[in-house]
Amino acid sequence: MDKLFHFDCPQEVYTADACVISCFDARFDVAVRKFLKRCGVFLYDHVKIPGGAKSLAAPECETDRDFVLRMVRTSIRLHRPRRALILAHQECGAYEGIALEVVTADVLRAAECLRAQEPSLAVECYFADFDGVYRIG
Ligand SMILES: [Zn+2]
């Protein structure tokens, strides 16, 4: 292998402040990162998938939900987060033309699913809009 880039990464295994589930829409990356810091979430395992909570609440196929739950369980096993944050966002491609109430209802349903499957996690629900982040519920 040819080294192309030098950077010193931390080598210690970490305890995650949270497991974060969100969409991969990059427009909200900076806002979400800053919001997470504000919430005391500095180190986190990021389950970043198109549609975010949709895979838990209303998956296109059942295996999507299992896949997300497996990622969350892996996060728990390796990095022991106590919190899970589920974030939806404005203008999500997975919810094109669908009312905001449906999106936020899906986040709440995803949270219920996660609480039922992993009761050790404190699950929080948020919505990222173009002007900031809102709490759902
Ligand atoms: Zn999205």
# chains A, B, ... in the order shown; residues from 1 in each chain; ligands from 1
>>> residues_near_ligand(ligand="ligand 1", cutoff="8 Å", atoms="only C-alpha atoms and all ligand atoms", output="list in words")
Ser22, Cys23, Phe24, Asp25, Pro50, Gly51, Gly52, Ala88, His89, Gln90, Glu91, Cys92, Gly93, Ala94 and Tyr95 of chain A
>>> write_last_selection(atoms="C-alpha atoms", output="JSON list (two decimals), in the first residue's frame")
[["chain", "number", "residue", "atom", "x", "y", "z"],
["A", 22, "SER", "CA", -30.06, 10.23, 10.81],
["A", 23, "CYS", "CA", -30.39, 10.60, 7.06],
["A", 24, "PHE", "CA", -27.27, 10.99, 4.96],
["A", 25, "ASP", "CA", -28.40, 14.38, 3.58],
["A", 50, "PRO", "CA", -31.16, 7.67, 3.59],
["A", 51, "GLY", "CA", -34.44, 8.48, 5.29],
["A", 52, "GLY", "CA", -32.97, 7.89, 8.76],
["A", 88, "ALA", "CA", -35.28, 13.62, 10.73],
["A", 89, "HIS", "CA", -34.93, 16.64, 8.46],
["A", 90, "GLN", "CA", -36.76, 19.03, 6.17],
["A", 91, "GLU", "CA", -37.05, 18.12, 2.48],
["A", 92, "CYS", "CA", -35.96, 14.51, 2.97],
["A", 93, "GLY", "CA", -35.86, 12.61, -0.31],
["A", 94, "ALA", "CA", -37.29, 9.55, 1.43],
["A", 95, "TYR", "CA", -40.43, 11.59, 2.23]]
>>> select_by_dssp(residues="region 7-94 of chain A", states="strand (DSSP E)", output="mmCIF file with N, CA and C atoms, in the first residue's frame")
data_model
loop_
_atom_site.group_PDB
_atom_site.id
_atom_site.type_symbol
_atom_site.label_atom_id
_atom_site.label_comp_id
_atom_site.auth_asym_id
_atom_site.auth_seq_id
_atom_site.Cartn_x
_atom_site.Cartn_y
_atom_site.Cartn_z
ATOM 1 N N ALA A 18 -23.440 8.924 22.485
ATOM 2 C CA ALA A 18 -24.744 8.565 21.928
ATOM 3 C C ALA A 18 -24.567 7.749 20.660
ATOM 4 N N CYS A 19 -25.650 7.083 20.309
ATOM 5 C CA CYS A 19 -25.775 6.493 18.982
ATOM 6 C C CYS A 19 -26.762 7.404 18.245
ATOM 7 N N VAL A 20 -26.343 7.931 17.111
ATOM 8 C CA VAL A 20 -27.157 8.903 16.377
ATOM 9 C C VAL A 20 -27.660 8.260 15.089
ATOM 10 N N ILE A 21 -28.955 8.331 14.882
ATOM 11 C CA ILE A 21 -29.549 7.789 13.655
ATOM 12 C C ILE A 21 -30.095 8.962 12.845
ATOM 13 N N SER A 22 -29.569 9.125 11.642
ATOM 14 C CA SER A 22 -30.060 10.229 10.807
ATOM 15 C C SER A 22 -29.946 9.866 9.339
ATOM 16 N N TYR A 44 -19.697 9.973 19.008
ATOM 17 C CA TYR A 44 -20.932 9.221 18.754
ATOM 18 C C TYR A 44 -20.750 8.264 17.594
ATOM 19 N N ASP A 45 -21.545 7.215 17.650
ATOM 20 C CA ASP A 45 -21.627 6.289 16.529
ATOM 21 C C ASP A 45 -22.773 6.785 15.654
ATOM 22 N N HIS A 46 -22.473 7.012 14.399
ATOM 23 C CA HIS A 46 -23.458 7.611 13.516
ATOM 24 C C HIS A 46 -24.009 6.586 12.531
ATOM 25 N N VAL A 47 -25.250 6.227 12.723
ATOM 26 C CA VAL A 47 -25.962 5.368 11.774
ATOM 27 C C VAL A 47 -26.623 6.323 10.781
ATOM 28 N N LYS A 48 -25.994 6.443 9.634
ATOM 29 C CA LYS A 48 -26.376 7.490 8.678
ATOM 30 C C LYS A 48 -26.871 6.832 7.398
ATOM 31 N N ARG A 83 -27.491 6.957 25.289
ATOM 32 C CA ARG A 83 -28.514 7.741 24.589
ATOM 33 C C ARG A 83 -28.562 7.340 23.126
ATOM 34 N N ALA A 84 -29.744 7.445 22.547
ATOM 35 C CA ALA A 84 -29.894 7.330 21.098
ATOM 36 C C ALA A 84 -30.649 8.571 20.640
ATOM 37 N N LEU A 85 -30.129 9.238 19.633
ATOM 38 C CA LEU A 85 -30.791 10.410 19.081
ATOM 39 C C LEU A 85 -31.246 10.090 17.668
ATOM 40 N N ILE A 86 -32.521 10.280 17.417
ATOM 41 C CA ILE A 86 -33.061 10.070 16.081
ATOM 42 C C ILE A 86 -33.374 11.441 15.495
ATOM 43 N N LEU A 87 -32.803 11.706 14.322
ATOM 44 C CA LEU A 87 -33.016 13.008 13.676
ATOM 45 C C LEU A 87 -33.644 12.822 12.303
ATOM 46 N N ALA A 88 -34.728 13.524 12.081
ATOM 47 C CA ALA A 88 -35.284 13.623 10.729
ATOM 48 C C ALA A 88 -34.926 15.013 10.216
ATOM 49 N N HIS A 89 -35.249 15.291 8.964
ATOM 50 C CA HIS A 89 -34.931 16.635 8.461
ATOM 51 C C HIS A 89 -35.923 17.102 7.401
#
>>> residues_around(residues="Ser120 (chain A)", least_positions_apart="3", cutoff="10 Å", atoms="only C-alpha atoms", output="list in words")
Ile76, Arg80, Pro81, Arg82, Arg83, Ala84, Leu114, Arg115, Ala116, Gln117 and Val123 of chain A
>>> atom_distance(atom1="CA of Arg27 (chain A)", atom2="CA of Val68 (chain A)")
22.1 Å
>>> residues_around(residues="Glu118 (chain A)", least_positions_apart="5", cutoff="9 Å", atoms="only C-alpha atoms", output="ChimeraX atom specification")
/A:69,72-73,113
>>> atom_distance(atom1="CA of Leu36 (chain A)", atom2="CA of Gly97 (chain A)")
28.1 Å
>>> atom_distance(atom1="CA of Asp66 (chain A)", atom2="CA of Arg109 (chain A)")
15.2 Å
>>> closest_residue(among="A:Phe35, A:Ala99, A:Lys54, A:Arg70", to="Arg135 (chain A)", atoms="only C-alpha atoms")
A:Phe35
>>> select_by_dssp(residues="region 29-67 of chain A", states="helix (DSSP H, G or I)", output="list in words")
Asp29, Val30, Ala31, Val32, Arg33, Lys34, Phe35, Leu36, Lys37, Arg38, Lys54, Ser55, Leu56, Ala57, Glu62, Thr63, Asp64, Arg65, Asp66 and Phe67 of chain A
>>> write_last_selection(atoms="C-alpha atoms", output="PDB file, in the first residue's frame")
ATOM      1  CA  ASP A  29     -24.206  17.919   8.688  1.00  0.00           C
ATOM      2  CA  VAL A  30     -22.784  21.114  10.199  1.00  0.00           C
ATOM      3  CA  ALA A  31     -25.984  22.041  12.043  1.00  0.00           C
ATOM      4  CA  VAL A  32     -26.385  18.522  13.411  1.00  0.00           C
ATOM      5  CA  ARG A  33     -22.758  18.326  14.541  1.00  0.00           C
ATOM      6  CA  LYS A  34     -23.049  21.664  16.344  1.00  0.00           C
ATOM      7  CA  PHE A  35     -26.398  20.655  17.844  1.00  0.00           C
ATOM      8  CA  LEU A  36     -24.953  17.379  19.115  1.00  0.00           C
ATOM      9  CA  LYS A  37     -22.109  19.256  20.832  1.00  0.00           C
ATOM     10  CA  ARG A  38     -24.703  21.539  22.431  1.00  0.00           C
ATOM     11  CA  LYS A  54     -37.879   5.518   8.123  1.00  0.00           C
ATOM     12  CA  SER A  55     -35.911   2.259   8.154  1.00  0.00           C
ATOM     13  CA  LEU A  56     -37.124   1.622  11.710  1.00  0.00           C
ATOM     14  CA  ALA A  57     -40.636   3.067  11.444  1.00  0.00           C
ATOM     15  CA  GLU A  62     -38.294  -5.810   6.892  1.00  0.00           C
ATOM     16  CA  THR A  63     -34.583  -6.516   6.541  1.00  0.00           C
ATOM     17  CA  ASP A  64     -33.893  -2.754   6.569  1.00  0.00           C
ATOM     18  CA  ARG A  65     -35.182  -2.540  10.144  1.00  0.00           C
ATOM     19  CA  ASP A  66     -33.087  -5.530  11.191  1.00  0.00           C
ATOM     20  CA  PHE A  67     -30.014  -3.992   9.598  1.00  0.00           C
TER      21      PHE A  67
END
>>> closest_residue(among="A:Thr104, A:Cys9, A:Ala110, A:Gly40", to="Tyr126 (chain A)", atoms="only C-alpha atoms")
A:Thr104
>>> closest_residue(among="A:Ala53, A:Ala16, A:Leu4, A:Val41", to="Glu112 (chain A)", atoms="only C-alpha atoms")
A:Ala53
>>> closest_residue(among="A:Cys61, A:Ile136, A:Cys39, A:Ala128", to="Ala111 (chain A)", atoms="only C-alpha atoms")
A:Ile136
